[in-house]
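*Asks:* Mind having a look at this structure? Questions to follow.
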Amino acid sequence: MKKAIQVLAALVCASIAASAKDPVTVHSHNDYKRDVPFHQAYAQKITSIECDMYYVGSDDFYVGHELEETTPDVNFDNKYLEPVLELYRNNGGHAWADDPERPLQLLVEIKSDDPDEFLKALVRKLSRYPEVFDPAVNPKACRIVMTGNLPEPADWDRYPSFITFDGLLEKKYTPQQLERVAIISECFDNYSHWKGEGPMSRKDFKAIREAVSKAHSMGKPIRFWGCPDNVTTWSAWISLGIDYLNTDQPELCRRFLSGRMAGSPASKKKQTGR
């Protein structure tokens, strides 16, 4: 009897952890390196997925970090576009069958030298599916955020409103440009060389906290890239109010969050009925 109760409690705990809302957004960094790009992150209910791309002409994009490493069979259409379109067809106009309100975001990194040529080709491709990629048509649309080799903010109004951009704290944006900034992404090395082991120095902690405060004062979430990628770091990021957990380990990060939520006071109260 005691063993049965323990098993039941474990199942309830797992169910609560799986259905609870994440305290932060998990970002699948370098997603193209996964054995199964997009799908592995999606299976972990990760809502922000990165796609590094080169425009190679004829509205085709190859996926990868270096152009010489890319191959025609690993491209935007078959690794990202088609899976997203299929999800929206199968789920009635949203990305998640079990949670229509859960967002989905593709962070598209421009690796090509000509961002304008890249963006015009991407707009041509995505504009065929406004019900999937344009929030003005479908409020539950997959958000498109551009990062990498971006055009200057003064040129952003050349592209339709469903194209949004990664921002930097050091940039000065007009109110209209700031509306097109979806997130702030900062290089961690500019703030700290902490390796994710032991305590962070007070100086570094203060610098990161100030960066988070500045981003939030702009009304924007913040992500750090090039940072340590482990449980210690993720815990620190949550305590600092960082909005995105930038990770190359989506399965491990999901287990960390599920365990954290299952062990939260709110979850314990639900499990015990108190």
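In the structure tokens, chains take letters A, B, ... by order of appearance, with residues numbered from 1 within each chain and ligands from 1 in the order shown.
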Tell me which protein, DNA and RNA residues are within 10 Å of Ser185 in chain A, counting only C-alpha atoms, leaving out same-chain ones fewer than 4 positions away, and put them as a list in words.
*Replies:*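 So, after excluding close chain neighbours, the residues are Thr147, Asp166, Gly167, Leu168, Leu169, Ala215, Pro221, Ile222, Arg223, Phe224, Trp225 and Tyr244 of chain A.
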*Asks:* Apply DSSP to the backbone of this structure and, from range 147-240 of chain A, keep only the residues in alpha helix (DSSP H); write these as a VMD selection string.
*Replies:* chain A and resid 175 to 179 202 to 217 231 to 240
*Asks:* Do you know which residues are at most 12 Å from Gln176 in chain A counting only C-alpha atoms, after dropping those on the same chain fewer than 2 positions away, and could you put them as a count of residues only?
*Replies:* 14
*Asks:* So how many Å separate CA of Tyr159 in chain A and CA of Phe118 in chain A, to one decimal?
*Replies:*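 Interatomic distance here is 11.4 Å.
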*Asks:* Using only C-alpha atoms, which residues sit within 7 Å of Val132 in chain A once same-chain residues fewer than 6 positions away are excluded, as a count of residues only?
*Replies:* 5
*Asks:* Show me a table, sorted first by chain and then by increasing residue number, of the residues of range 60-97 of chain A having an atom at most 9 Å from range 18-38 of chain A, each with its shortest atom pair and the distance in Å to one decimal, counting only C-alpha atoms and written as JSON lines.
*Replies:*
```
{"residue": "A:Val63", "atom": "CA", "partner": "A:Tyr32", "partner_atom": "CA", "distance": 6.9}
{"residue": "A:Gly64", "atom": "CA", "partner": "A:Tyr32", "partner_atom": "CA", "distance": 6.5}
{"residue": "A:His65", "atom": "CA", "partner": "A:Asn30", "partner_atom": "CA", "distance": 8.2}
{"residue": "A:Val74", "atom": "CA", "partner": "A:Tyr32", "partner_atom": "CA", "distance": 8.7}
{"residue": "A:Lys79", "atom": "CA", "partner": "A:Pro37", "partner_atom": "CA", "distance": 6.3}
{"residue": "A:Tyr80", "atom": "CA", "partner": "A:Phe38", "partner_atom": "CA", "distance": 6.3}
{"residue": "A:Pro83", "atom": "CA", "partner": "A:Phe38", "partner_atom": "CA", "distance": 7.9}
{"residue": "A:Val84", "atom": "CA", "partner": "A:Phe38", "partner_atom": "CA", "distance": 8.9}
```
*Asks:* Would you mind exporting N, CA, C and O atoms of the selected residues as an mmCIF file, in the first residue's frame?
*Replies:*
```
data_model
loop_
_atom_site.group_PDB
_atom_site.id
_atom_site.type_symbol
_atom_site.label_atom_id
_atom_site.label_comp_id
_atom_site.auth_asym_id
_atom_site.auth_seq_id
_atom_site.Cartn_x
_atom_site.Cartn_y
_atom_site.Cartn_z
ATOM 1 N N VAL A 63 21.026 25.805 -43.602
ATOM 2 C CA VAL A 63 21.103 25.950 -42.160
ATOM 3 C C VAL A 63 22.463 25.490 -41.657
ATOM 4 O O VAL A 63 22.934 24.403 -42.006
ATOM 5 N N GLY A 64 23.126 26.317 -40.842
ATOM 6 C CA GLY A 64 24.415 25.952 -40.260
ATOM 7 C C GLY A 64 25.164 27.177 -39.786
ATOM 8 O O GLY A 64 24.759 28.315 -40.054
ATOM 9 N N HIS A 65 26.262 26.930 -39.099
ATOM 10 C CA HIS A 65 27.032 28.023 -38.512
ATOM 11 C C HIS A 65 28.040 28.605 -39.498
ATOM 12 O O HIS A 65 28.263 29.816 -39.515
ATOM 13 N N VAL A 74 20.076 20.090 -45.648
ATOM 14 C CA VAL A 74 19.773 20.678 -44.339
ATOM 15 C C VAL A 74 19.436 22.143 -44.591
ATOM 16 O O VAL A 74 20.310 23.015 -44.616
ATOM 17 N N LYS A 79 13.763 21.669 -42.311
ATOM 18 C CA LYS A 79 14.077 21.542 -40.886
ATOM 19 C C LYS A 79 13.211 22.430 -39.995
ATOM 20 O O LYS A 79 12.998 22.099 -38.821
ATOM 21 N N TYR A 80 12.695 23.531 -40.523
ATOM 22 C CA TYR A 80 11.948 24.465 -39.681
ATOM 23 C C TYR A 80 10.600 24.867 -40.280
ATOM 24 O O TYR A 80 9.567 24.779 -39.605
ATOM 25 N N PRO A 83 7.948 21.775 -40.623
ATOM 26 C CA PRO A 83 7.412 21.340 -39.323
ATOM 27 C C PRO A 83 6.471 22.348 -38.677
ATOM 28 O O PRO A 83 5.448 21.963 -38.098
ATOM 29 N N VAL A 84 6.793 23.646 -38.767
ATOM 30 C CA VAL A 84 5.919 24.662 -38.184
ATOM 31 C C VAL A 84 4.579 24.701 -38.916
ATOM 32 O O VAL A 84 3.509 24.750 -38.292
#
```
*Asks:* Can you tell me, as a PyMOL selection string, what residues are no more than 8 Å from Glu109 in chain A when counting only C-alpha atoms, ignoring any on the same chain fewer than 2 positions away?
*Replies:* chain A and resi 50-53+107+111+146-149
*Asks:* Would you kindly return, as an MDAnalysis selection string, each protein, DNA or RNA residue with an atom no farther than 12 Å from any atom of Met200 in chain A, considering only C-alpha atoms and excluding same-chain residues fewer than 4 positions away?
*Replies:* chainID A and resid 191:196 204:209 228 232:233 236:237 240
*Asks:* Would you put the residues from that selection into a file with all heavy atoms, as a compact mmCIF listing (two decimals), in the first residue's frame?
*Replies:*
```txt
# COMPACT_ATOMS: atom_id res chain seq x y z
N TYR A 191 30.12 41.05 -19.73
CA TYR A 191 29.72 41.31 -18.35
C TYR A 191 30.48 40.47 -17.33
O TYR A 191 30.67 40.90 -16.19
CB TYR A 191 28.22 41.04 -18.18
CG TYR A 191 27.36 41.97 -18.99
CD1 TYR A 191 27.07 41.68 -20.33
CD2 TYR A 191 26.86 43.15 -18.46
CE1 TYR A 191 26.29 42.54 -21.09
CE2 TYR A 191 26.08 44.01 -19.21
CZ TYR A 191 25.80 43.70 -20.54
OH TYR A 191 25.05 44.56 -21.29
N SER A 192 30.91 39.29 -17.75
CA SER A 192 31.51 38.38 -16.78
C SER A 192 32.24 37.26 -17.50
O SER A 192 31.91 36.93 -18.65
CB SER A 192 30.43 37.79 -15.88
OG SER A 192 30.95 36.78 -15.03
N HIS A 193 33.24 36.68 -16.81
CA HIS A 193 33.92 35.49 -17.30
C HIS A 193 33.68 34.31 -16.36
O HIS A 193 34.43 33.35 -16.34
CB HIS A 193 35.42 35.76 -17.46
CG HIS A 193 35.73 36.81 -18.48
ND1 HIS A 193 35.49 36.64 -19.83
CD2 HIS A 193 36.24 38.07 -18.36
CE1 HIS A 193 35.84 37.74 -20.48
NE2 HIS A 193 36.30 38.62 -19.62
N TRP A 194 32.60 34.41 -15.60
CA TRP A 194 32.20 33.32 -14.70
C TRP A 194 31.96 32.05 -15.50
O TRP A 194 31.37 32.08 -16.59
CB TRP A 194 30.93 33.75 -13.97
CG TRP A 194 30.41 32.77 -12.96
CD1 TRP A 194 31.05 32.24 -11.90
CD2 TRP A 194 29.07 32.25 -12.92
NE1 TRP A 194 30.22 31.41 -11.19
CE2 TRP A 194 28.99 31.40 -11.79
CE3 TRP A 194 27.93 32.43 -13.71
CZ2 TRP A 194 27.83 30.71 -11.45
CZ3 TRP A 194 26.77 31.75 -13.37
CH2 TRP A 194 26.73 30.91 -12.25
N LYS A 195 32.41 30.92 -14.97
CA LYS A 195 32.31 29.65 -15.67
C LYS A 195 31.12 28.80 -15.22
O LYS A 195 31.00 27.64 -15.63
CB LYS A 195 33.60 28.84 -15.48
CG LYS A 195 34.86 29.55 -15.97
CD LYS A 195 34.79 29.88 -17.45
CE LYS A 195 36.08 30.53 -17.93
NZ LYS A 195 35.98 30.94 -19.36
N GLY A 196 30.28 29.36 -14.37
CA GLY A 196 29.14 28.60 -13.91
C GLY A 196 29.47 27.64 -12.79
O GLY A 196 28.71 26.71 -12.51
N ASP A 204 30.42 41.21 -10.94
CA ASP A 204 29.75 40.63 -12.10
C ASP A 204 28.25 40.52 -11.86
O ASP A 204 27.44 40.79 -12.76
CB ASP A 204 30.33 39.25 -12.41
CG ASP A 204 31.76 39.33 -12.93
OD1 ASP A 204 32.28 40.45 -13.08
OD2 ASP A 204 32.36 38.26 -13.17
N PHE A 205 27.88 40.11 -10.66
CA PHE A 205 26.47 39.98 -10.31
C PHE A 205 25.76 41.32 -10.49
O PHE A 205 24.67 41.40 -11.07
CB PHE A 205 26.33 39.49 -8.87
CG PHE A 205 24.93 39.19 -8.44
CD1 PHE A 205 24.39 37.92 -8.61
CD2 PHE A 205 24.14 40.17 -7.87
CE1 PHE A 205 23.09 37.63 -8.23
CE2 PHE A 205 22.83 39.90 -7.48
CZ PHE A 205 22.31 38.63 -7.65
N LYS A 206 26.41 42.38 -10.01
CA LYS A 206 25.81 43.72 -10.12
C LYS A 206 25.69 44.14 -11.57
O LYS A 206 24.66 44.71 -11.98
CB LYS A 206 26.67 44.72 -9.36
CG LYS A 206 26.13 46.15 -9.41
CD LYS A 206 27.04 47.13 -8.66
CE LYS A 206 26.52 48.55 -8.77
NZ LYS A 206 27.43 49.52 -8.11
N ALA A 207 26.71 43.85 -12.39
CA ALA A 207 26.69 44.25 -13.79
C ALA A 207 25.55 43.55 -14.54
O ALA A 207 24.84 44.17 -15.34
CB ALA A 207 28.03 43.92 -14.45
N ILE A 208 25.37 42.27 -14.27
CA ILE A 208 24.31 41.53 -14.94
C ILE A 208 22.95 41.99 -14.46
O ILE A 208 22.02 42.18 -15.25
CB ILE A 208 24.50 40.02 -14.72
CG1 ILE A 208 25.78 39.55 -15.44
CG2 ILE A 208 23.30 39.23 -15.24
CD1 ILE A 208 26.18 38.15 -15.12
N ARG A 209 22.82 42.21 -13.17
CA ARG A 209 21.55 42.67 -12.62
C ARG A 209 21.17 44.02 -13.22
O ARG A 209 19.99 44.28 -13.53
CB ARG A 209 21.63 42.76 -11.10
CG ARG A 209 20.30 43.12 -10.43
CD ARG A 209 20.39 42.99 -8.94
NE ARG A 209 21.45 43.85 -8.40
CZ ARG A 209 21.85 43.83 -7.13
NH1 ARG A 209 21.31 42.97 -6.28
NH2 ARG A 209 22.80 44.65 -6.71
N PRO A 228 27.80 30.25 -19.50
CA PRO A 228 27.81 28.87 -19.03
C PRO A 228 26.43 28.25 -19.21
O PRO A 228 25.41 28.95 -19.23
CB PRO A 228 28.18 28.99 -17.55
CG PRO A 228 28.86 30.32 -17.43
CD PRO A 228 28.22 31.20 -18.46
N THR A 232 23.65 25.22 -12.36
CA THR A 232 24.03 26.36 -11.51
C THR A 232 23.71 27.68 -12.20
O THR A 232 23.17 28.60 -11.58
CB THR A 232 25.53 26.30 -11.18
OG1 THR A 232 25.82 25.07 -10.51
CG2 THR A 232 25.95 27.46 -10.29
N THR A 233 24.03 27.76 -13.48
CA THR A 233 23.77 28.98 -14.24
C THR A 233 22.28 29.23 -14.37
O THR A 233 21.80 30.36 -14.18
CB THR A 233 24.41 28.89 -15.63
OG1 THR A 233 25.78 28.52 -15.50
CG2 THR A 233 24.33 30.23 -16.35
N ALA A 236 20.89 30.61 -11.27
CA ALA A 236 21.29 32.01 -11.09
C ALA A 236 20.49 32.93 -12.00
O ALA A 236 20.07 34.02 -11.58
CB ALA A 236 22.79 32.15 -11.38
N TRP A 237 20.25 32.49 -13.23
CA TRP A 237 19.51 33.34 -14.18
C TRP A 237 18.09 33.59 -13.70
O TRP A 237 17.57 34.69 -13.81
CB TRP A 237 19.50 32.68 -15.55
CG TRP A 237 20.70 32.84 -16.41
CD1 TRP A 237 20.79 32.49 -17.73
CD2 TRP A 237 21.99 33.36 -16.07
NE1 TRP A 237 22.05 32.76 -18.21
CE2 TRP A 237 22.81 33.29 -17.21
CE3 TRP A 237 22.56 33.85 -14.89
CZ2 TRP A 237 24.12 33.73 -17.22
CZ3 TRP A 237 23.89 34.28 -14.89
CH2 TRP A 237 24.64 34.21 -16.04
N LEU A 240 18.12 36.08 -10.93
CA LEU A 240 18.45 37.42 -11.42
C LEU A 240 17.33 38.02 -12.27
O LEU A 240 17.42 39.19 -12.67
CB LEU A 240 19.75 37.37 -12.23
CG LEU A 240 21.05 37.39 -11.42
CD1 LEU A 240 22.20 36.88 -12.27
CD2 LEU A 240 21.34 38.78 -10.91
```
*Asks:* Pick out each residue of range 79-230 of chain A that DSSP on the backbone tags as strand (DSSP E); I need them as a ChimeraX atom specification.
*Replies:* /A:105-110,143-148,163-167,181-187,222-225
*Asks:* To one decimal in Å, tell me the separation between CA of Ala43 in chain A and CA of Trp234 in chain A.
*Replies:*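 Rounded to one decimal, the two atoms are 19.9 Å apart.
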*Asks:* How far is it from CA of Leu119 in chain A to CA of Tyr54 in chain A, in Å with one decimal?
*Replies:*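 It comes out at 10.8 Å.
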*Asks:* Which residue gives the smallest distance to Asp134 in chain A among A:Phe76, A:Phe188, A:Phe162, A:Phe61, with only C-alpha atoms counted?
*Replies:* A:Phe162
*Asks:* Excluding Ser58 in chain A and its own-chain neighbours fewer than 2 positions away, which residues fall within 12 Å of it when counting only C-alpha atoms? Please give them as a ChimeraX atom specification.
*Replies:* /A:55-56,60-62,117-118,120-122,124-125
